[in-house]
Amino acid sequence: MAERKIVDGRGSFCPGPLMELIAALKTVEVGDELEVLSTDKGSANDIPEWVNKVGHEYLSTREENGVWYIVVRRKK
């Protein structure tokens with residue numbers, strides 16, 4: 001069963017949340033999901049773009065009270 005790991009990048013600016021996601025992807029299994037929490041609005045565009053570029057799966061983005069929640073799945 002796939003796991004979901006939280007990557008808390010709140011308070012850091014680009015490319016901080018993306019770099020934290022890249023590090024976290026190395027620690028999970030193929031099929032696992034990661035949810036990035038970011039207060040940097042740029043992450044809502046940058047992370048999905050990078051995820052698609054490198055071959056992982058972008059699942060969703062939502063914003064609540066100035067925090068973006070970006071969910072991706074490790075594909076390789």
# chains A, B, ... in the order shown; residues from 1 in each chain; ligands from 1

$ select_by_dssp --residues "chain A" --states "alpha helix (DSSP H)" --output "list in words"
Gly16, Pro17, Leu18, Met19, Glu20, Leu21, Ile22, Ala23, Ala24, Leu25, Ser43, Ala44, Asn45, Asp46, Ile47, Pro48, Glu49, Trp50, Val51, Asn52, Lys53 and Val54 of chain A

$ write_last_selection --atoms "N, CA and C atoms" --output "PDB file, in the first residue's frame"
ATOM      1  N   GLY A  16      13.863  26.280  -2.252  1.00  0.00           N
ATOM      2  CA  GLY A  16      13.864  25.486  -1.017  1.00  0.00           C
ATOM      3  C   GLY A  16      12.857  24.346  -0.986  1.00  0.00           C
ATOM      4  N   PRO A  17      11.549  24.624  -1.184  1.00  0.00           N
ATOM      5  CA  PRO A  17      10.582  23.527  -1.149  1.00  0.00           C
ATOM      6  C   PRO A  17      10.846  22.460  -2.211  1.00  0.00           C
ATOM      7  N   LEU A  18      11.275  22.884  -3.395  1.00  0.00           N
ATOM      8  CA  LEU A  18      11.600  21.920  -4.449  1.00  0.00           C
ATOM      9  C   LEU A  18      12.795  21.067  -4.039  1.00  0.00           C
ATOM     10  N   MET A  19      13.808  21.660  -3.470  1.00  0.00           N
ATOM     11  CA  MET A  19      14.983  20.904  -3.047  1.00  0.00           C
ATOM     12  C   MET A  19      14.617  19.910  -1.946  1.00  0.00           C
ATOM     13  N   GLU A  20      13.720  20.304  -1.054  1.00  0.00           N
ATOM     14  CA  GLU A  20      13.267  19.384  -0.004  1.00  0.00           C
ATOM     15  C   GLU A  20      12.493  18.218  -0.616  1.00  0.00           C
ATOM     16  N   LEU A  21      11.692  18.495  -1.650  1.00  0.00           N
ATOM     17  CA  LEU A  21      10.969  17.431  -2.345  1.00  0.00           C
ATOM     18  C   LEU A  21      11.947  16.469  -3.009  1.00  0.00           C
ATOM     19  N   ILE A  22      12.957  17.000  -3.685  1.00  0.00           N
ATOM     20  CA  ILE A  22      13.939  16.154  -4.364  1.00  0.00           C
ATOM     21  C   ILE A  22      14.620  15.229  -3.355  1.00  0.00           C
ATOM     22  N   ALA A  23      14.998  15.756  -2.213  1.00  0.00           N
ATOM     23  CA  ALA A  23      15.631  14.928  -1.180  1.00  0.00           C
ATOM     24  C   ALA A  23      14.659  13.870  -0.662  1.00  0.00           C
ATOM     25  N   ALA A  24      13.410  14.248  -0.454  1.00  0.00           N
ATOM     26  CA  ALA A  24      12.421  13.308   0.078  1.00  0.00           C
ATOM     27  C   ALA A  24      12.101  12.198  -0.919  1.00  0.00           C
ATOM     28  N   LEU A  25      12.106  12.502  -2.211  1.00  0.00           N
ATOM     29  CA  LEU A  25      11.828  11.483  -3.222  1.00  0.00           C
ATOM     30  C   LEU A  25      12.829  10.335  -3.148  1.00  0.00           C
ATOM     31  N   SER A  43       6.079  27.875  -5.746  1.00  0.00           N
ATOM     32  CA  SER A  43       6.126  26.410  -5.685  1.00  0.00           C
ATOM     33  C   SER A  43       4.941  25.777  -6.391  1.00  0.00           C
ATOM     34  N   ALA A  44       3.795  26.468  -6.393  1.00  0.00           N
ATOM     35  CA  ALA A  44       2.587  25.931  -7.027  1.00  0.00           C
ATOM     36  C   ALA A  44       2.781  25.735  -8.529  1.00  0.00           C
ATOM     37  N   ASN A  45       3.700  26.483  -9.130  1.00  0.00           N
ATOM     38  CA  ASN A  45       4.024  26.313 -10.550  1.00  0.00           C
ATOM     39  C   ASN A  45       5.303  25.515 -10.753  1.00  0.00           C
ATOM     40  N   ASP A  46       6.319  25.829  -9.957  1.00  0.00           N
ATOM     41  CA  ASP A  46       7.639  25.228 -10.146  1.00  0.00           C
ATOM     42  C   ASP A  46       7.654  23.726  -9.872  1.00  0.00           C
ATOM     43  N   ILE A  47       7.017  23.301  -8.806  1.00  0.00           N
ATOM     44  CA  ILE A  47       7.066  21.883  -8.441  1.00  0.00           C
ATOM     45  C   ILE A  47       6.355  21.013  -9.474  1.00  0.00           C
ATOM     46  N   PRO A  48       5.103  21.317  -9.864  1.00  0.00           N
ATOM     47  CA  PRO A  48       4.473  20.474 -10.893  1.00  0.00           C
ATOM     48  C   PRO A  48       5.265  20.445 -12.205  1.00  0.00           C
ATOM     49  N   GLU A  49       5.844  21.576 -12.590  1.00  0.00           N
ATOM     50  CA  GLU A  49       6.636  21.631 -13.819  1.00  0.00           C
ATOM     51  C   GLU A  49       7.846  20.698 -13.722  1.00  0.00           C
ATOM     52  N   TRP A  50       8.564  20.745 -12.609  1.00  0.00           N
ATOM     53  CA  TRP A  50       9.734  19.889 -12.418  1.00  0.00           C
ATOM     54  C   TRP A  50       9.325  18.419 -12.359  1.00  0.00           C
ATOM     55  N   VAL A  51       8.255  18.127 -11.615  1.00  0.00           N
ATOM     56  CA  VAL A  51       7.791  16.740 -11.453  1.00  0.00           C
ATOM     57  C   VAL A  51       7.479  16.117 -12.815  1.00  0.00           C
ATOM     58  N   ASN A  52       6.751  16.843 -13.650  1.00  0.00           N
ATOM     59  CA  ASN A  52       6.414  16.334 -14.980  1.00  0.00           C
ATOM     60  C   ASN A  52       7.651  16.197 -15.866  1.00  0.00           C
ATOM     61  N   LYS A  53       8.576  17.124 -15.718  1.00  0.00           N
ATOM     62  CA  LYS A  53       9.796  17.110 -16.535  1.00  0.00           C
ATOM     63  C   LYS A  53      10.659  15.882 -16.258  1.00  0.00           C
ATOM     64  N   VAL A  54      10.735  15.478 -14.996  1.00  0.00           N
ATOM     65  CA  VAL A  54      11.619  14.367 -14.634  1.00  0.00           C
ATOM     66  C   VAL A  54      10.918  13.013 -14.601  1.00  0.00           C
TER      67      VAL A  54
END

$ residues_around --residues "A:Phe13" --least-positions-apart "5" --cutoff "9 Å" --atoms "only C-alpha atoms" --output "list in words"
Ser38, Thr39, Asp40, Lys41, Gly42 and Ser43 of chain A

$ atom_distance --atom1 "atom CA of A:Thr27" --atom2 "atom CA of A:Arg4"
11.8 Å

$ atom_distance --atom1 "atom CA of A:Val30" --atom2 "atom CA of A:His56"
9.4 Å

$ atom_distance --atom1 "atom CA of A:Glu3" --atom2 "atom CA of A:Gly31"
8.0 Å

$ select_by_dssp --residues "stretch 23-66 of chain A" --states "strand (DSSP E)" --output "list of chain:residue names"
A:Glu33, A:Leu34, A:Glu35, A:Val36, A:Leu37, A:Ser38, A:Glu57, A:Tyr58, A:Leu59, A:Ser60, A:Thr61, A:Arg62, A:Glu63, A:Glu64

$ write_last_selection --atoms "N, CA and C atoms" --output "mmCIF file, in the first residue's frame"
data_model
loop_
_atom_site.group_PDB
_atom_site.id
_atom_site.type_symbol
_atom_site.label_atom_id
_atom_site.label_comp_id
_atom_site.auth_asym_id
_atom_site.auth_seq_id
_atom_site.Cartn_x
_atom_site.Cartn_y
_atom_site.Cartn_z
ATOM 1 N N GLU A 33 3.297 8.668 -2.274
ATOM 2 C CA GLU A 33 2.944 10.057 -2.518
ATOM 3 C C GLU A 33 3.652 10.957 -1.521
ATOM 4 N N LEU A 34 3.971 12.146 -1.997
ATOM 5 C CA LEU A 34 4.550 13.170 -1.138
ATOM 6 C C LEU A 34 3.681 14.409 -1.245
ATOM 7 N N GLU A 35 3.392 15.008 -0.100
ATOM 8 C CA GLU A 35 2.622 16.247 -0.074
ATOM 9 C C GLU A 35 3.539 17.351 0.421
ATOM 10 N N VAL A 36 3.841 18.293 -0.473
ATOM 11 C CA VAL A 36 4.717 19.412 -0.143
ATOM 12 C C VAL A 36 3.867 20.548 0.399
ATOM 13 N N LEU A 37 4.234 21.064 1.570
ATOM 14 C CA LEU A 37 3.594 22.241 2.135
ATOM 15 C C LEU A 37 4.539 23.408 1.901
ATOM 16 N N SER A 38 4.033 24.467 1.266
ATOM 17 C CA SER A 38 4.884 25.596 0.938
ATOM 18 C C SER A 38 4.130 26.905 1.109
ATOM 19 N N GLU A 57 4.757 11.827 -11.108
ATOM 20 C CA GLU A 57 3.359 12.142 -11.394
ATOM 21 C C GLU A 57 2.862 13.264 -10.491
ATOM 22 N N TYR A 58 2.427 14.343 -11.109
ATOM 23 C CA TYR A 58 1.808 15.450 -10.381
ATOM 24 C C TYR A 58 0.346 15.098 -10.147
ATOM 25 N N LEU A 59 -0.127 15.193 -8.902
ATOM 26 C CA LEU A 59 -1.498 14.810 -8.578
ATOM 27 C C LEU A 59 -2.424 15.999 -8.325
ATOM 28 N N SER A 60 -1.990 16.967 -7.509
ATOM 29 C CA SER A 60 -2.894 18.074 -7.207
ATOM 30 C C SER A 60 -2.168 19.215 -6.507
ATOM 31 N N THR A 61 -2.827 20.379 -6.559
ATOM 32 C CA THR A 61 -2.391 21.549 -5.793
ATOM 33 C C THR A 61 -3.634 22.216 -5.232
ATOM 34 N N ARG A 62 -3.542 22.621 -3.988
ATOM 35 C CA ARG A 62 -4.600 23.431 -3.405
ATOM 36 C C ARG A 62 -3.946 24.440 -2.470
ATOM 37 N N GLU A 63 -4.648 25.535 -2.230
ATOM 38 C CA GLU A 63 -4.135 26.574 -1.352
ATOM 39 C C GLU A 63 -5.139 26.807 -0.239
ATOM 40 N N GLU A 64 -4.642 26.869 0.975
ATOM 41 C CA GLU A 64 -5.474 27.170 2.142
ATOM 42 C C GLU A 64 -4.705 28.100 3.059
#
